Structure formats: C-alpha cells, structure tokens
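K.L.:
The structure's right below; bear with me while I get my questions together.
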Amino acid sequence: MPLLLVAAASLSACSSESAGNSKQKPPAAVGYIVAGTSSVPVAVTLSGRTVAFETSEVRPQVAGVIRKRLFTEGSLVHAGQPLFEIDPSLYRAAVNQAQANLASARASAEAASVKAERYRPLADMEAIAKQDYTDALSQSRVAKAAIAQNAATLDTARINLRFTTVPAPITGRIGRSLFTVGALASASQTDPLAVIQRMDPIYVDMQQSANDLTALRRKLAQGGVTAGTTDVHLQLDGGTRYPLTGTVQFSEVTVDQTTGTVTLRARFPNPDGALLPGMFVTAMFDQATDPNAILVPQNAVQRDFDGSAYVMLAGADGKAVRRKVTAERTYGVSAVVTAGLVKGDKVIVQGLNGLRQGAAIKAVPSTAPQKVAPPQGDKSGGIGAASRKGG
C-alpha cells in the first residue's frame with residue numbers, strides 16, 4: 001500500500017511538471033518583411049506567327065510564250081531586275097506598224113495644212129467659195145488629231161513590248177518558278193509566275209484575348225496602370241531566344257469572330273534571315289506597368305485546397321493572422337500581390353511551418369541577425385563554449 005501511494009504521487013508530480021512546461025512554451029519565432037508598393041511591369045506572353053514585311057506576286061501584263069527565266073530560284077532579287085522574257089515578236093511588229101501609221105498621219109496632216117493655207121487668201125478674194133476653205137481647214141485639223149491618235153497607239157505598242165520582259169516589283173527573296181520556259185502566260189491567268197517576299201524587316205502577328213485587351217484598356221483609362229514599353233522579345237520553337245528586339249506597331253480594330261482574339265503586330269529586324277514567314281513563335285513584352293503592386297517572396301504565398309492564395313501576417317497583438325490575397329503572377333523571385341495587402345503589413349516569410357491562425361509569435365525583421373544557441377549539455381570547448389563565454 002505505501003508503494004502505491006508513492007507511485008501515484010510520483011505520477012501526479014510528473015503530470016504537474018509536464019503541464020507547467022506546456023504553459024511555459026515560448027511563442028514561435030518568425031521573420032517578417034514590411035509590405036511596400038513597387039512599380040512592376042505587367043508582362044504578357046502571346047503566341048504569334050511571322051509574316052513577310054512585303055509580298056508581291058510576279059504576274060505578266062501581256063500574253064505570250066515564256067522564252068527565258070532570268071533568275072535563280074530562292075535567290076535575292078532587286079526591284080526592276082528582269083525575271084522572265086515573253087516572246088516579243090508580235091509586240092515588236094505592233095510597234096513597227098504603229099510607227100508607220102504615225103508617219104502616214106503626219107504626211108496627211110502636212111498636206112491638209114498646206115491646202116488650207118492656200119485656200120485662205122483665195123477665199124478672202126472670193127476666188128473660191130468660203131465653204132471650200134472651211135472644208136480644207138477642217139481636214140487639216142482632223143489630220144492633226146490623227147497624228148495624236150497614232151502617237152498614242154505607238155506608245156501603247158512600246159509599253160506592251162516593254163512588258164514582254166517581266167521585272168521584279170520589289171526587292172526580296174524569290175521562291176520557285178511556277179511557270180517553265182515554253183509555257184503560255186497571260187495577264188488574266190490565276191497563278192502568278194513567282195512570288196517575292198521581303199523578310200528584313202519581318203512582322204510577327206500576335207493573338208490576344210479581346211477580354212484581356214479590354215480589361216487592360218479599362219485599367220489604363222482609370223489610372224490603375226500606366227502604358228508599358230513597346231519592346232518585344234521572341235522565343236522560337238525549342239526554347240531558343242531570338243537575339244534581336246522588336247517593336248509593337250499597332251493592334252487590329254476588329255475582333256476575330258471565330259477565336260475572340262485581336263491581332264497585334266510587331267516589327268523585327270531580320271538581317272540574317274533567321275525568321276522565315278509562317279514560323280510559330282512566342283512573343284513576350286511589358287504591355288503595362290502597375291505602379292502600386294506589392295512584391296513578397298514566393299515562399300510567403302501559400303495555397304488552400306481550392307487554389308486560393310493567402311499569407312500569414314504578424315499581428316499587432318503578437319499573434320499570427322491569416323489573410324487571403326490575389327497573387328496571379330510572379331516577377332523575378334517574387335510574387336506580385338495585387339489585392340489583400342496594404343502598405344505597412346508585416347508579412348511573415350520565415351518560420352511558416354505549422355503556423356496557424358491566432359498562434360502566439362515572436363516577430364522580428366527577416367534581416368535581423370539570428371542567435372544560434374548551443375545544444376543542451378554541450379561540455380566541449382567548441383562554438384557553444386565560446387558562445388557561453390561571450391554571453
């Protein structure tokens with residue numbers, strides 16, 4: 001019986017000691033940062049496709065058989081450079097005929113003019129009827145008009161003869177020839193003879209949701225954000241970064257009814273021809289700047305089961321406070337908080353493991369130096385001993 005009483009007393013003493021130790025458990029030490037506003041760019045990433053700066057179809061303006069191809073397929077051609085030669089025989093003959101008709105008209109006009117000049121004094125003396133002079137003068141004027149008509153016909157014939165040589169309308173890279181030597185070409189044909197594309201500079205057409213663009217414009221109008229830069233960077237397939245920077249030129253004024261997107265066009269230098277028309281690329285640029293964004297370390301933003309974000313704050317009463325925030329994007333190593341925090345909030349960034357709402361905390365700035373206590377029972381003369389001596 002005495003042994004049982006002693007054991008019970010011992011257990012009671014241990015329980016009391018354990019409860020005392022639990023009540024005396026110190027608050028959790030946490031480190032915090034003070035939230036402040038920063039100017040953060042609103043970056044967007046859009047899918048895009050490269051488009052030639054200029055595209056021109058090489059088409060004949062007269063009909064005839066192609067006699068020569070005067071270029072190398074895939075080469076760089078210059079504006080005005082001859083590309084095809086159409087058989088000029090008929091057009092040269094038309095020029096010769098027009099020249100002869102013009103010479104005949106000039107001779108007839110000269111004779112009619114001389115006749116009218118001779119009739120004028122005779123008509124004044126009433127040696128001939130005045131009607132005869134009037135008729136001669138009219139014939140002279142008709143002959144002069146015939147000269148102008150035949151001169152215009154000669155010009156047309158010469159133009160058609162010049163069109164038998166088909167030149168390059170623009171400077172650029174020419175593709176394959178769609179017609180071979182011996183093929184019949186005509187001005188009304190459906191297919192071009194070839195296609196020339198100018199690729200330096202080159203365009204990139206980007207697709208952005210109309211809703212996102214409308215929301216951005218609303219924020220710009222309300223002053224929530226300011227206009228960003230027009231510099232654009234490209235990422236090619238495979239993750240390769242295009243080394244040159246482009247510039248946003250304009251956005252379309254209509255929305256694509258099938259996709260609900262608006263096209264934005266950027267212009268890029270392409271001196272080495274690395275970008276080819278039709279390539280799929282990813283465009284990245286800062287479309288706006290948020291002057292009142294709050295940056296916090298990414299590890300400070302935690303997620304609930306539903307995906308909503310929250311942070312833990314150091315309350316004024318020495319307790320942890322849980323607060324929901326809006327953090328939909330990152331900037332460098334930080335999360336961008338656009339709602340839920342105000343300037344001056346103490347955001348806990350250290351000691352978050354197991355931290356709950358209302359837990360007692362001892363908050364210190366995260367940049368404050370931390371004291372390292374020696375292990376219990378350390379009798380050595382190492383770091384712990386030195387700390388005790390220094391303390």
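Ligands are numbered from 1 in the order shown, residues from 1 within each chain, and chains are lettered A, B, ... in the order they appear in the structure tokens.
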Within 7 Å of range 75-85 of chain A, counting only C-alpha atoms, which residues show up once you throw out same-chain ones fewer than 6 positions away? Write them as a list in words, please.
P.N.:
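Counting only C-alpha atoms, the residues come to Ile66, Arg67, Lys68, Arg69, Thr164, Thr165, Val166, Pro167, Ala168, Pro169, Ile170, Thr171, Gly172, Arg173 and Ile174 of chain A.
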K.L.:
Which polymer residues have any atom within 6 Å of an atom of Tyr310 in chain A, counting only C-alpha atoms, with same-chain residues fewer than 3 positions away left out, as a PyMOL selection string?
P.N.:
chain A and resi 301-302+323-325
K.L.:
Can you write out the residues you just picked, keeping N, CA, C and O atoms, as a PDB file, in the first residue's frame?
P.N.:
ATOM      1  N   VAL A 301       3.727  33.139 -50.040  1.00  0.00           N
ATOM      2  CA  VAL A 301       2.365  32.941 -50.562  1.00  0.00           C
ATOM      3  C   VAL A 301       2.057  31.455 -50.539  1.00  0.00           C
ATOM      4  O   VAL A 301       2.734  30.655 -51.194  1.00  0.00           O
ATOM      5  N   GLN A 302       1.031  31.076 -49.782  1.00  0.00           N
ATOM      6  CA  GLN A 302       0.607  29.690 -49.662  1.00  0.00           C
ATOM      7  C   GLN A 302      -0.755  29.512 -50.327  1.00  0.00           C
ATOM      8  O   GLN A 302      -1.459  30.478 -50.598  1.00  0.00           O
ATOM      9  N   ARG A 323      -4.458  35.881 -44.008  1.00  0.00           N
ATOM     10  CA  ARG A 323      -5.214  36.784 -44.871  1.00  0.00           C
ATOM     11  C   ARG A 323      -5.136  36.312 -46.315  1.00  0.00           C
ATOM     12  O   ARG A 323      -4.053  36.014 -46.820  1.00  0.00           O
ATOM     13  N   LYS A 324      -6.296  36.271 -46.967  1.00  0.00           N
ATOM     14  CA  LYS A 324      -6.352  35.891 -48.367  1.00  0.00           C
ATOM     15  C   LYS A 324      -5.872  37.049 -49.240  1.00  0.00           C
ATOM     16  O   LYS A 324      -6.160  38.219 -48.967  1.00  0.00           O
ATOM     17  N   VAL A 325      -5.168  36.718 -50.315  1.00  0.00           N
ATOM     18  CA  VAL A 325      -4.626  37.726 -51.220  1.00  0.00           C
ATOM     19  C   VAL A 325      -4.854  37.267 -52.654  1.00  0.00           C
ATOM     20  O   VAL A 325      -5.206  36.115 -52.921  1.00  0.00           O
TER      21      VAL A 325
END
K.L.:
With distances taken over only C-alpha atoms, which of A:Gln207, A:Ser366, A:Ser89, A:Gln357 is nearest to Arg322 in chain A?
P.N.:
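Of the candidates, the smallest distance to Arg322 in chain A is held by A:Gln357.
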K.L.:
DSSP on the backbone: which residues in range 42-133 of chain A end up as strand (DSSP E)? Give the answer as a ChimeraX atom specification.
P.N.:
/A:42-58,64-69,76-77,82-86
K.L.:
Might you pull out every residue within 10 Å of Ala94 in chain A, with only C-alpha atoms counted and same-chain residues fewer than 6 positions away left off, and present them as number ranges by chain?
P.N.:
A: 88, 100, 153-154, 156-158, 160-161
K.L.:
Applying 7 Å and only C-alpha atoms, which residues near Pro365 in chain A remain after dropping the ones on its own chain fewer than 4 positions away? List them as a list in words.
P.N.:
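Close residues of Pro365 in chain A: Gly31, Tyr32 and Ile33 of chain A.
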K.L.:
With DSSP run on the backbone, what are the helix (DSSP H, G or I) residues within range 3-208 of chain A? I'd like them as an NGL selection string.
P.N.:
:A and (3-23 or 89-124 or 130-163)
K.L.:
Would you compute the distance between CA of Tyr331 in chain A and CA of Leu264 in chain A? Give it in Å to one decimal.
P.N.:
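Separation of CA of Tyr331 in chain A and CA of Leu264 in chain A: 23.7 Å.
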K.L.:
Give me, please, the distance in Å between CA of Leu220 in chain A and CA of Gln208 in chain A, quoted to one decimal.
P.N.:
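Between these atoms lies a distance of 16.8 Å.
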